[in-house]
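> Here you go, structure-v1.cif (mmCIF, C-alpha atoms):
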```
data_protein
#
loop_
_atom_site.label_atom_id
_atom_site.label_comp_id
_atom_site.auth_asym_id
_atom_site.auth_seq_id
_atom_site.Cartn_x
_atom_site.Cartn_y
_atom_site.Cartn_z
CA MET L 1 110.53 258.81 -2.45
CA ARG L 2 110.38 262.62 -2.87
CA LEU L 3 106.62 262.66 -2.16
CA LEU L 4 107.16 260.51 0.93
CA PHE L 5 109.87 262.92 2.16
CA ILE L 6 107.55 265.93 1.71
CA ALA L 7 104.75 264.10 3.48
CA LEU L 8 107.00 263.31 6.43
CA ILE L 9 108.07 266.98 6.72
CA PHE L 10 104.46 268.15 6.62
CA THR L 11 103.40 265.58 9.23
CA SER L 12 106.31 266.60 11.47
CA PHE L 13 105.37 270.29 11.19
CA LEU L 14 101.75 269.63 12.19
CA SER L 15 102.90 267.48 15.10
CA ASN L 16 105.29 270.14 16.38
CA ALA L 17 102.69 272.89 15.93
CA GLN L 18 100.02 270.73 17.61
CA SER L 19 97.65 270.98 14.66
CA PRO L 20 94.89 273.52 15.36
CA SER L 21 91.38 272.33 16.07
CA PRO L 22 88.35 273.65 14.19
CA VAL L 23 86.44 276.58 15.65
CA GLY L 24 83.70 275.31 17.98
CA SER L 25 82.08 275.89 21.36
CA TYR L 26 84.16 275.39 24.49
CA TRP L 27 83.52 275.64 28.21
CA LEU L 28 86.94 276.23 29.79
CA LYS L 29 86.95 275.37 33.50
CA PRO L 30 90.18 276.37 35.29
CA ASP L 31 90.67 276.97 39.01
CA ARG L 32 90.96 280.70 38.42
CA VAL L 33 90.67 283.34 35.70
CA PHE L 34 92.78 286.46 35.31
CA ASP L 35 90.53 288.79 33.31
CA GLY L 36 93.30 291.26 32.44
CA GLU L 37 92.74 293.28 35.61
CA THR L 38 91.87 290.97 38.52
CA MET L 39 92.30 287.32 39.49
CA HIS L 40 88.97 285.50 40.04
CA GLU L 41 88.73 282.17 41.84
CA GLY L 42 86.12 279.73 40.53
CA TRP L 43 85.41 281.51 37.26
CA SER L 44 85.06 279.72 33.95
CA VAL L 45 84.82 280.92 30.35
CA LEU L 46 82.45 280.06 27.52
CA VAL L 47 83.71 280.43 23.93
CA ARG L 48 81.65 280.10 20.78
CA GLY L 49 83.22 280.58 17.39
CA ASN L 50 85.93 283.22 17.70
CA LYS L 51 84.34 285.16 20.58
CA ILE L 52 84.17 284.97 24.34
CA ILE L 53 80.46 284.56 25.11
CA GLU L 54 80.54 284.58 28.90
CA ALA L 55 83.07 284.77 31.73
CA GLY L 56 82.30 284.37 35.40
CA LEU L 57 80.42 281.92 37.64
CA ILE L 58 78.88 279.88 34.82
CA THR L 59 76.57 277.05 35.90
CA SER L 60 75.29 275.68 32.59
CA VAL L 61 76.18 275.80 28.88
CA PRO L 62 74.36 274.94 25.64
CA ALA L 63 74.19 271.32 24.52
CA GLY L 64 77.04 270.28 22.26
CA THR L 65 79.60 272.46 24.04
CA THR L 66 82.99 270.81 24.53
CA ILE L 67 83.95 270.91 28.21
CA ILE L 68 87.66 271.26 28.98
CA GLY L 69 88.56 270.74 32.64
CA LEU L 70 91.69 272.64 33.70
CA LYS L 71 92.27 271.61 37.31
CA GLY L 72 95.12 273.49 38.98
CA CYS L 73 95.31 275.99 36.14
CA THR L 74 94.89 279.72 35.52
CA LEU L 75 93.20 281.10 32.41
CA LEU L 76 94.38 284.46 31.09
CA PRO L 77 94.00 286.64 27.98
CA GLY L 78 96.46 285.67 25.26
CA PHE L 79 99.71 287.43 26.05
CA ILE L 80 100.70 290.48 23.97
CA GLU L 81 104.40 290.84 23.21
CA GLY L 82 105.21 294.53 22.93
CA HIS L 83 108.67 294.46 21.36
CA SER L 84 109.62 291.66 19.00
CA HIS L 85 111.77 291.18 15.92
CA LEU L 86 110.57 287.98 14.26
CA PHE L 87 113.19 288.38 11.52
CA LEU L 88 116.07 288.21 14.00
CA HIS L 89 117.47 285.32 16.01
CA PRO L 90 119.84 285.30 19.03
CA TYR L 91 123.10 287.12 18.49
CA ASN L 92 125.14 284.31 20.02
CA GLU L 93 124.01 282.18 17.06
CA THR L 94 124.76 284.77 14.39
CA SER L 95 125.77 288.39 14.95
CA TRP L 96 123.31 291.13 14.02
CA ASP L 97 125.67 292.36 11.29
CA ASP L 98 125.90 288.92 9.70
CA GLN L 99 122.15 288.37 9.88
CA VAL L 100 121.55 291.60 7.99
CA LEU L 101 124.42 291.23 5.51
CA LYS L 102 124.83 287.50 4.93
CA GLU L 103 121.51 285.75 5.52
CA SER L 104 119.26 285.71 2.45
CA ARG L 105 115.77 287.14 2.63
CA ALA L 106 114.45 283.63 1.99
CA GLU L 107 116.35 282.27 4.99
CA ARG L 108 115.26 285.13 7.19
CA THR L 109 111.62 284.63 6.24
CA ALA L 110 111.90 280.88 6.87
CA ARG L 111 113.30 281.61 10.30
CA ALA L 112 110.56 284.17 10.95
CA VAL L 113 107.89 281.59 10.16
CA ASN L 114 109.35 279.30 12.84
CA HIS L 115 109.72 282.19 15.25
CA ALA L 116 106.05 283.09 14.79
CA LYS L 117 104.96 279.52 15.47
CA ASN L 118 107.12 279.26 18.61
CA THR L 119 105.79 282.58 19.87
CA LEU L 120 102.18 281.47 19.50
CA MET L 121 102.78 278.09 21.12
CA ALA L 122 104.25 279.88 24.15
CA GLY L 123 100.92 281.69 24.67
CA PHE L 124 101.72 284.99 22.95
CA THR L 125 98.79 285.48 20.60
CA THR L 126 99.73 289.03 19.54
CA VAL L 127 103.10 290.66 18.85
CA ARG L 128 104.13 294.22 18.08
CA ASP L 129 107.01 293.63 15.67
CA LEU L 130 109.25 296.69 15.68
CA GLY L 131 111.35 296.42 12.55
CA THR L 132 112.55 293.80 10.09
CA GLU L 133 116.19 294.93 10.46
CA GLY L 134 117.11 294.85 6.79
CA ALA L 135 114.33 292.51 5.60
CA GLY L 136 112.28 295.28 3.99
CA TYR L 137 108.52 294.90 4.23
CA ASP L 138 108.59 291.13 4.72
CA ASP L 139 106.81 291.51 8.07
CA VAL L 140 103.73 292.66 6.15
CA GLY L 141 103.85 289.49 4.06
CA LEU L 142 104.27 287.30 7.13
CA LYS L 143 101.37 289.04 8.84
CA LYS L 144 99.14 288.37 5.83
CA ALA L 145 100.25 284.74 5.62
CA ILE L 146 99.28 284.23 9.26
CA GLU L 147 95.94 285.97 8.75
CA LYS L 148 95.20 283.69 5.77
CA GLY L 149 96.07 280.58 7.77
CA VAL L 150 99.04 279.70 5.59
CA VAL L 151 101.27 279.39 8.67
CA PRO L 152 100.47 279.47 12.40
CA GLY L 153 101.49 282.55 14.32
CA PRO L 154 100.35 285.44 16.49
CA ARG L 155 98.46 288.50 15.37
CA MET L 156 101.03 291.04 14.19
CA LEU L 157 101.27 294.80 14.53
CA VAL L 158 104.14 295.71 12.23
CA ALA L 159 106.52 298.67 11.94
CA THR L 160 108.14 297.51 8.66
CA ARG L 161 111.60 299.08 8.18
CA ALA L 162 111.74 301.66 11.05
CA ILE L 163 113.38 305.08 10.48
CA VAL L 164 116.91 306.21 11.32
CA ALA L 165 119.00 309.31 10.62
CA THR L 166 121.42 308.92 7.75
CA GLY L 167 124.78 307.64 8.94
CA SER L 168 123.61 306.61 12.38
CA TYR L 169 122.64 302.98 11.93
CA GLY L 170 124.42 299.80 10.85
CA PRO L 171 125.78 297.58 9.62
CA LYS L 172 129.10 299.47 9.59
CA VAL L 173 131.52 296.55 9.49
CA LEU L 174 132.69 297.08 5.91
CA SER L 175 134.80 299.85 4.40
CA PRO L 176 133.13 303.30 4.68
CA GLY L 177 133.43 303.57 0.91
CA LEU L 178 131.13 300.60 0.34
CA GLU L 179 127.37 301.03 0.30
CA THR L 180 125.60 298.15 2.05
CA ILE L 181 122.08 297.24 3.08
CA LYS L 182 120.98 299.05 6.25
CA GLY L 183 118.99 297.71 9.15
CA ALA L 184 116.42 300.50 8.83
CA ALA L 185 115.31 303.24 6.42
CA GLU L 186 117.45 306.39 6.40
CA ALA L 187 115.61 309.72 6.23
CA ASP L 188 116.54 313.33 7.03
CA GLY L 189 114.84 316.70 7.30
CA VAL L 190 111.14 317.39 7.38
CA ASP L 191 110.49 316.55 3.73
CA GLY L 192 112.52 313.35 3.82
CA ILE L 193 110.88 312.14 7.01
CA ILE L 194 107.37 312.86 5.76
CA ARG L 195 108.09 310.91 2.59
CA GLU L 196 109.48 307.93 4.49
CA VAL L 197 106.63 307.82 7.02
CA ARG L 198 104.06 307.86 4.24
CA THR L 199 105.97 305.25 2.25
CA GLN L 200 106.01 302.85 5.19
CA ILE L 201 102.33 303.42 5.89
CA GLY L 202 101.57 302.78 2.22
CA LYS L 203 103.52 299.52 2.38
CA GLY L 204 101.46 298.27 5.32
CA ALA L 205 102.93 299.67 8.55
CA ASP L 206 100.51 299.58 11.50
CA LEU L 207 102.73 302.03 13.40
CA ILE L 208 105.94 303.97 12.87
CA LYS L 209 109.15 303.33 14.76
CA ILE L 210 111.87 305.97 14.84
CA TYR L 211 115.31 305.95 16.44
CA ALA L 212 115.53 309.07 18.60
CA ASP L 213 119.12 308.20 19.46
CA TYR L 214 121.72 305.58 18.64
CA ARG L 215 125.33 304.62 19.17
CA TRP L 216 126.86 307.08 16.69
CA GLY L 217 128.60 309.53 18.99
CA PRO L 218 132.34 309.62 19.70
CA ASP L 219 133.57 306.15 20.72
CA ASN L 220 130.15 304.76 19.72
CA LYS L 221 128.46 306.55 22.59
CA ALA L 222 124.68 306.81 22.23
CA GLU L 223 123.60 310.31 21.19
CA PRO L 224 120.39 311.88 19.82
CA THR L 225 119.80 311.51 16.07
CA PHE L 226 116.79 313.67 15.16
CA THR L 227 115.90 317.18 16.27
CA LEU L 228 112.76 317.84 18.27
CA ASP L 229 111.13 319.47 15.23
CA GLU L 230 111.86 316.42 13.08
CA LEU L 231 110.40 314.09 15.68
CA LYS L 232 107.29 316.28 16.04
CA LYS L 233 106.73 316.10 12.29
CA VAL L 234 106.98 312.28 12.39
CA VAL L 235 104.30 312.22 15.06
CA ASP L 236 102.07 314.75 13.27
CA VAL L 237 102.11 312.84 9.99
CA THR L 238 101.68 309.44 11.62
CA VAL L 239 98.85 310.47 13.93
CA SER L 240 96.99 312.07 11.02
CA SER L 241 96.84 308.59 9.47
CA GLY L 242 95.26 307.07 12.60
CA ARG L 243 98.50 305.45 13.75
CA TYR L 244 101.08 306.17 16.43
CA VAL L 245 104.85 306.44 16.83
CA VAL L 246 107.21 304.47 19.03
CA ALA L 247 110.74 305.67 19.69
CA HIS L 248 113.92 303.75 20.33
CA ALA L 249 115.51 305.94 22.99
CA SER L 250 118.07 305.11 25.64
CA THR L 251 119.68 308.48 26.39
CA GLU L 252 118.21 311.18 28.59
CA GLU L 253 118.11 313.73 25.77
CA GLY L 254 116.80 311.28 23.17
CA MET L 255 114.01 310.31 25.54
CA ARG L 256 113.20 313.96 26.34
CA ARG L 257 112.85 314.89 22.67
CA ALA L 258 110.73 311.84 21.90
CA ILE L 259 108.44 312.47 24.88
CA LEU L 260 107.93 316.14 23.96
CA ALA L 261 107.28 315.16 20.36
CA GLY L 262 104.34 313.03 21.47
CA VAL L 263 105.41 309.44 20.81
CA ARG L 264 103.22 306.68 22.27
CA THR L 265 105.97 304.52 23.79
CA ILE L 266 109.66 304.75 24.58
CA GLU L 267 111.57 301.56 23.85
CA HIS L 268 114.42 300.70 26.26
CA GLY L 269 114.86 303.91 28.32
CA ASP L 270 118.12 302.64 29.81
CA ASP L 271 119.54 305.99 30.94
CA GLY L 272 116.31 307.66 31.94
CA THR L 273 116.39 309.80 35.07
CA GLN L 274 113.74 310.42 37.69
CA ALA L 275 112.96 313.75 36.01
CA ILE L 276 112.60 312.09 32.62
CA PHE L 277 110.21 309.48 33.97
CA ASP L 278 108.22 312.19 35.73
CA LEU L 279 107.92 313.88 32.32
CA MET L 280 106.79 310.58 30.77
CA LYS L 281 104.07 310.29 33.40
CA GLU L 282 102.99 313.90 32.79
CA LYS L 283 102.79 313.38 29.01
CA ASN L 284 101.22 309.91 29.28
CA VAL L 285 104.06 308.19 27.41
CA ALA L 286 104.53 304.49 28.19
CA LEU L 287 107.81 302.64 28.67
CA CYS L 288 108.65 299.30 27.07
CA PRO L 289 111.74 298.44 29.15
CA THR L 290 113.22 295.41 27.30
CA ILE L 291 115.17 294.30 30.37
CA SER L 292 115.87 290.82 29.00
CA ALA L 293 117.65 292.01 25.88
CA GLY L 294 120.32 293.77 27.90
CA ILE L 295 120.78 290.74 30.13
CA ALA L 296 121.05 288.45 27.09
CA VAL L 297 123.76 290.62 25.54
CA GLN L 298 125.78 290.38 28.76
CA GLU L 299 125.28 286.61 28.82
CA TYR L 300 126.68 286.37 25.30
CA LYS L 301 129.79 288.11 26.64
CA GLY L 302 130.19 285.44 29.33
CA TRP L 303 128.21 286.87 32.25
CA GLN L 304 126.38 284.23 34.32
CA LYS L 305 123.52 284.86 36.70
CA GLY L 306 124.24 283.61 40.19
CA ARG L 307 127.97 283.53 39.56
CA ASP L 308 128.85 287.06 38.50
CA PRO L 309 127.84 290.39 40.08
CA GLU L 310 125.62 292.68 38.04
CA THR L 311 127.45 294.78 35.50
CA GLU L 312 127.25 298.57 35.69
CA LYS L 313 124.79 298.54 32.77
CA MET L 314 122.56 296.10 34.64
CA LYS L 315 122.66 298.22 37.78
CA SER L 316 121.78 301.31 35.76
CA LYS L 317 118.90 299.52 34.05
CA ARG L 318 117.52 298.25 37.37
CA GLN L 319 117.66 301.79 38.78
CA SER L 320 115.98 303.39 35.75
CA PHE L 321 113.20 300.80 35.80
CA GLN L 322 112.56 301.43 39.48
CA TRP L 323 112.47 305.18 38.85
CA ALA L 324 109.86 304.56 36.14
CA LEU L 325 107.79 302.49 38.55
CA SER L 326 108.01 305.11 41.30
CA ALA L 327 106.94 307.82 38.85
CA GLY L 328 103.85 305.81 37.93
CA VAL L 329 104.82 305.46 34.27
CA THR L 330 102.69 303.02 32.29
CA ILE L 331 104.83 299.92 31.72
CA CYS L 332 104.33 297.92 28.55
CA PHE L 333 105.51 294.34 28.44
CA GLY L 334 108.14 293.83 25.74
CA GLY L 335 111.46 292.03 25.78
CA ASP L 336 113.11 292.85 22.42
CA VAL L 337 112.71 289.20 21.45
CA GLY L 338 115.05 288.18 18.68
CA VAL L 339 118.01 289.33 20.73
CA PHE L 340 117.07 286.17 22.65
CA THR L 341 115.00 283.14 21.61
CA HIS L 342 111.48 283.49 20.26
CA GLY L 343 109.14 281.47 22.43
CA ASP L 344 111.18 282.39 25.51
CA ASN L 345 109.25 285.67 25.78
CA ALA L 346 108.34 284.85 29.39
CA ARG L 347 111.85 285.67 30.56
CA GLU L 348 110.92 289.36 30.34
CA MET L 349 108.01 288.80 32.75
CA GLU L 350 110.40 287.15 35.18
CA ALA L 351 112.89 289.99 34.80
CA MET L 352 110.22 292.62 35.45
CA VAL L 353 109.32 290.91 38.73
CA GLU L 354 112.99 290.59 39.67
CA TYR L 355 113.44 294.32 38.99
CA GLY L 356 110.60 295.32 41.31
CA MET L 357 107.20 294.87 39.64
CA GLN L 358 104.48 292.79 41.28
CA PRO L 359 103.38 289.63 39.40
CA LEU L 360 99.78 290.82 38.91
CA ALA L 361 101.06 294.13 37.55
CA VAL L 362 103.26 292.25 35.10
CA LEU L 363 100.28 290.15 33.96
CA ARG L 364 98.31 293.35 33.39
CA SER L 365 101.24 294.78 31.45
CA ALA L 366 101.30 291.76 29.13
CA THR L 367 97.53 291.80 28.55
CA SER L 368 95.20 294.74 29.23
CA VAL L 369 97.85 297.46 29.46
CA ASN L 370 99.42 296.53 26.14
CA ALA L 371 95.97 296.25 24.57
CA ASP L 372 95.10 299.75 25.79
CA VAL L 373 98.39 301.34 24.71
CA PHE L 374 98.42 299.57 21.32
CA ASP L 375 94.81 300.57 20.48
CA ILE L 376 93.49 296.99 20.34
CA ALA L 377 91.49 296.90 23.59
CA ASP L 378 88.20 296.78 21.68
CA GLN L 379 89.12 293.24 20.63
CA LEU L 380 91.89 291.85 22.83
CA GLY L 381 93.68 291.95 26.18
CA ARG L 382 90.87 290.99 28.53
CA ILE L 383 88.60 288.05 29.29
CA ARG L 384 85.27 289.69 28.64
CA ALA L 385 82.12 288.79 26.73
CA GLY L 386 82.26 290.05 23.16
CA LEU L 387 86.05 290.14 22.83
CA LEU L 388 88.00 287.81 20.58
CA ALA L 389 88.79 284.39 22.02
CA ASP L 390 92.55 284.77 22.42
CA ILE L 391 93.30 282.75 25.56
CA VAL L 392 96.23 281.09 27.31
CA VAL L 393 95.97 278.62 30.17
CA VAL L 394 98.93 277.82 32.41
CA SER L 395 99.44 275.35 35.23
CA GLY L 396 99.73 277.05 38.62
CA ASP L 397 99.06 280.62 39.71
CA PRO L 398 101.24 283.24 37.94
CA GLY L 399 99.70 285.90 40.15
CA LYS L 400 101.78 284.42 42.97
CA ASN L 401 104.68 282.91 41.02
CA ILE L 402 105.27 284.57 37.66
CA ALA L 403 107.31 281.59 36.43
CA ALA L 404 104.02 279.70 36.07
CA VAL L 405 103.47 281.50 32.75
CA ARG L 406 105.95 279.02 31.27
CA ASN L 407 103.70 276.04 32.11
CA VAL L 408 101.47 276.44 29.05
CA LYS L 409 98.60 273.96 28.87
CA LEU L 410 96.31 275.56 26.31
CA VAL L 411 96.59 278.26 23.67
CA MET L 412 93.57 279.56 21.78
CA LYS L 413 93.69 282.27 19.14
CA ASP L 414 90.53 283.52 17.44
CA GLY L 415 88.63 280.60 18.93
CA ILE L 416 91.01 278.01 17.46
CA LEU L 417 92.92 275.68 19.77
CA TYR L 418 96.61 275.49 18.86
CA VAL L 419 97.83 273.87 22.09
CA ASN L 420 95.65 271.63 24.25
CA LYS L 421 97.62 269.51 26.66
#
```
Would you kindly transcribe this structure into structure tokens?

Amino acid sequence: MRLLFIALIFTSFLSNAQSPSPVGSYWLKPDRVFDGETMHEGWSVLVRGNKIIEAGLITSVPAGTTIIGLKGCTLLPGFIEGHSHLFLHPYNETSWDDQVLKESRAERTARAVNHAKNTLMAGFTTVRDLGTEGAGYDDVGLKKAIEKGVVPGPRMLVATRAIVATGSYGPKVLSPGLETIKGAAEADGVDGIIREVRTQIGKGADLIKIYADYRWGPDNKAEPTFTLDELKKVVDVTVSSGRYVVAHASTEEGMRRAILAGVRTIEHGDDGTQAIFDLMKEKNVALCPTISAGIAVQEYKGWQKGRDPETEKMKSKRQSFQWALSAGVTICFGGDVGVFTHGDNAREMEAMVEYGMQPLAVLRSATSVNADVFDIADQLGRIRAGLLADIVVVSGDPGKNIAAVRNVKLVMKDGILYVNK
């Protein structure tokens, strides 16, 4: 009976994951192809093994190639999620404090495995995971498990624990006299920061995330955490290892310090001003706006789209995003997934369009732009001969209606078909 139960669970998992096909040769024939830059009518794509062999007006393919007709569909590079937390789940299910303090590492890893699968099945073949939020270096283990084929999931760029100033980060729900697990690694001063950066790199971090500000001011107001000199040292040490730094920053001063320190991307940027975004453009620092996370938090408080007017925070976020666009800041696609449901990553694309970005620009942001900013453009982010075969096909034309990205018909990662409807 026990063996039968295990067999049923395994069969169910494969069914839900749409068991991946072996690597082979495929001729993918949609109505159009978005190559990461431009939409092309009548193009098709030839894949052999784990590489794209040809893309364009293909008229013939080698014998033995599997032909997949995709009438009415658009083929795109596999989407790249720029801000994810696979070890978190929506806060209306369990608060962030309780996830960090009460959920076991085993439970959090089990959830993360499911989150990774759901992310991949939604067409997101790569994620930049920006902190385990109290789950240590378990993102490194999950990344390796995916690479080994133990579980299905996207390629992962991991930040491990992230770095915060002592006393600034949570959880803080218990008595101040009690020491509890923190959602990120505390470090202070030049020596302490250098040690922590190198520790995280040694444990497997692909990049370093630092909190340039947080809600630790009077009345929980967001205020800067690290000095400019401290942030510069983080960047110096990280860059010398061939990696880059991303900064959580929502305040004007936190953003200014992070930009001048030389971080690669600013995460959130809620209270950025026109002058701050002009500085970002000048210093070639990209913005990952995470619009959807803020909306989700308001929804958990009872706000409903179409019924309630925008809150002041929403209005401020819309304005700051439009200032970033007008300044010509590079916009990375990233929703802060985990605050909302993994696999629902597309809601950030929809929000970006609603807040003023054109659909084609959003598609670039989620493919070629993220690949360029994240230093993976030599392998991913475009439909081009020689790149890895990470591909998503959707029904409809997302270049005209961004919601079409939800209509996933095919997902290929590294030449392997995970979804083929």
> Box for range 367-375 of chain L: with edges along x, y and z, all listed atoms inside and 3 Å added on each side, what are the centre and edge lengths in Å to one decimal, as lines of an AutoDock Vina configuration file?

```
center_x = 97.1
center_y = 296.6
center_z = 25.0
size_x = 10.6
size_y = 15.5
size_z = 15.0
```
> Show which residues sit within 6 Å of Leu46 in chain L, as a compact mmCIF listing (two decimals) with C-alpha atoms, in the coordinates of the input. Count only C-alpha atoms, and ignore same-chain residues fewer than 5 positions away.

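The file below, out_9.txt, is the result:
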```txt
# COMPACT_ATOMS: atom_id res chain seq x y z
CA TYR L 26 84.16 275.39 24.49
CA TRP L 27 83.52 275.64 28.21
CA ILE L 53 80.46 284.56 25.11
CA GLU L 54 80.54 284.58 28.90
```
> Of the candidates L:Ser95, L:Lys102, L:Met39, L:His83, which one gets nearest to His268 in chain L if we count only C-alpha atoms?
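Answer, going by the shortest atom-to-atom distance: L:His83.
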> So how many Å separate CA of Ala261 in chain L and CA of Val246 in chain L, to one decimal?
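Straight-line distance from CA of Ala261 in chain L to CA of Val246 in chain L works out to 10.8 Å.
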> Given the file shown, enumerate the residues that the PyMOL selection byres ((chain L and resi 271) around 8) captures and present them as JSON, numbers by chain.
{"L": [250, 251, 252, 269, 270, 272, 273, 316, 317, 320]}
> In terms of the shortest atom-to-atom distance over all atoms listed in the file, which of L:Gln274, L:Pro20, L:Ala205, L:Glu282 is closest to Gly262 in chain L?
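Selected residue with least distance to Gly262 in chain L: L:Glu282.
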> Report as a CSV table (one decimal) with C-alpha atoms, keeping the file's coordinate frame the full result of the PyMOL selection byres ((chain L and resi 61) around 12) when it is applied to this structure.

```
chain,number,residue,atom,x,y,z
L,25,SER,CA,82.1,275.9,21.4
L,26,TYR,CA,84.2,275.4,24.5
L,27,TRP,CA,83.5,275.6,28.2
L,28,LEU,CA,86.9,276.2,29.8
L,29,LYS,CA,87.0,275.4,33.5
L,44,SER,CA,85.1,279.7,34.0
L,45,VAL,CA,84.8,280.9,30.4
L,46,LEU,CA,82.4,280.1,27.5
L,47,VAL,CA,83.7,280.4,23.9
L,48,ARG,CA,81.6,280.1,20.8
L,53,ILE,CA,80.5,284.6,25.1
L,54,GLU,CA,80.5,284.6,28.9
L,55,ALA,CA,83.1,284.8,31.7
L,57,LEU,CA,80.4,281.9,37.6
L,58,ILE,CA,78.9,279.9,34.8
L,59,THR,CA,76.6,277.0,35.9
L,60,SER,CA,75.3,275.7,32.6
L,62,PRO,CA,74.4,274.9,25.6
L,63,ALA,CA,74.2,271.3,24.5
L,64,GLY,CA,77.0,270.3,22.3
L,65,THR,CA,79.6,272.5,24.0
L,66,THR,CA,83.0,270.8,24.5
L,67,ILE,CA,84.0,270.9,28.2
```
> The PyMOL selection byres ((chain L and resi 208) around 7) - which residues does that actually catch in the file I just gave you? List them as a PyMOL selection string.
chain L and resi 159+162+205+207+209-210+244-246
> May I have the residues within 12 Å of Pro176 in chain L as a PyMOL selection string, using all atoms listed in the file and disregarding those fewer than 5 positions away in the same chain?
chain L and resi 167+170-171
> Select, from L:Tyr211, L:Phe333, L:Tyr355, L:Phe87, the residue with the minimum atom-to-atom distance to Leu231 in chain L, counting all atoms listed in the file.
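Among L:Tyr211, L:Phe333, L:Tyr355, L:Phe87, it is L:Tyr211 that comes nearest to Leu231 in chain L.
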> If you count all atoms listed in the file, which residues fall within 10 Å of Val151 in chain L, apart from same-chain ones fewer than 4 positions away, as a list of chain:residue names?
L:Ala17, L:Val113, L:Asn114, L:Ala116, L:Lys117, L:Leu142, L:Lys143, L:Lys144, L:Ala145, L:Ile146, L:Glu147
> Save out the residues we just selected, C-alpha atoms, as a PDB file, keeping the file's coordinate frame.

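What ended up in part-v4.pdb:
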```
ATOM      1  CA  ALA L  17     102.690 272.890  15.930  1.00  0.00           C
ATOM      2  CA  VAL L 113     107.890 281.590  10.160  1.00  0.00           C
ATOM      3  CA  ASN L 114     109.350 279.300  12.840  1.00  0.00           C
ATOM      4  CA  ALA L 116     106.050 283.090  14.790  1.00  0.00           C
ATOM      5  CA  LYS L 117     104.960 279.520  15.470  1.00  0.00           C
ATOM      6  CA  LEU L 142     104.270 287.300   7.130  1.00  0.00           C
ATOM      7  CA  LYS L 143     101.370 289.040   8.840  1.00  0.00           C
ATOM      8  CA  LYS L 144      99.140 288.370   5.830  1.00  0.00           C
ATOM      9  CA  ALA L 145     100.250 284.740   5.620  1.00  0.00           C
ATOM     10  CA  ILE L 146      99.280 284.230   9.260  1.00  0.00           C
ATOM     11  CA  GLU L 147      95.940 285.970   8.750  1.00  0.00           C
TER      12      GLU L 147
END
```
> So what do you get for CA of Gly254 in chain L versus CA of Phe226 in chain L, distance-wise?
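Computing the Euclidean distance for CA of Gly254 in chain L and CA of Phe226 in chain L yields 8.4 Å.
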> Give me, as an MDAnalysis selection string, all polymer residues having an atom no more than 12 Å from Trp216 in chain L, counting all atoms listed in the file and skipping those fewer than 5 positions away in the same chain.
chainID L and resid 164:172 211 221:225
> Can you tell me, as a PDB file with C-alpha atoms, in the coordinates of the input, what residues are no more than 7 Å from range 188-203 of chain L when counting only C-alpha atoms, ignoring any on the same chain fewer than 4 positions away?

```pdb
ATOM      1  CA  THR L 160     108.140 297.510   8.660  1.00  0.00           C
ATOM      2  CA  ALA L 165     119.000 309.310  10.620  1.00  0.00           C
ATOM      3  CA  THR L 166     121.420 308.920   7.750  1.00  0.00           C
ATOM      4  CA  GLU L 230     111.860 316.420  13.080  1.00  0.00           C
ATOM      5  CA  LYS L 233     106.730 316.100  12.290  1.00  0.00           C
ATOM      6  CA  VAL L 234     106.980 312.280  12.390  1.00  0.00           C
ATOM      7  CA  VAL L 237     102.110 312.840   9.990  1.00  0.00           C
ATOM      8  CA  THR L 238     101.680 309.440  11.620  1.00  0.00           C
TER       9      THR L 238
END
```
> Here is a test: counting only C-alpha atoms, which residue of L:Asp138, L:Asp390, L:Asp397, L:Asp336 is nearest to Leu363 in chain L?
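Ranked by minimum distance to Leu363 in chain L, first place goes to L:Asp397.
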> Which of these residues is nearest to Asn50 in chain L, using only C-alpha atoms: L:Gly24, L:Lys148, L:Ser368, L:Pro90?
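That would be L:Gly24, the residue with the smallest distance to Asn50 in chain L.
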> What is the CA of Trp303 in chain L to CA of Tyr214 in chain L distance in Å?
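Spanning CA of Trp303 in chain L to CA of Tyr214 in chain L is a straight-line distance of 24.0 Å.
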> Hey, which of L:Arg384, L:Ala403, L:Gly356, L:Val285 ends up closest to Gly56 in chain L? Count only C-alpha atoms.
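Looking only at the distances to Gly56 in chain L, the closest residue turns out to be L:Arg384.
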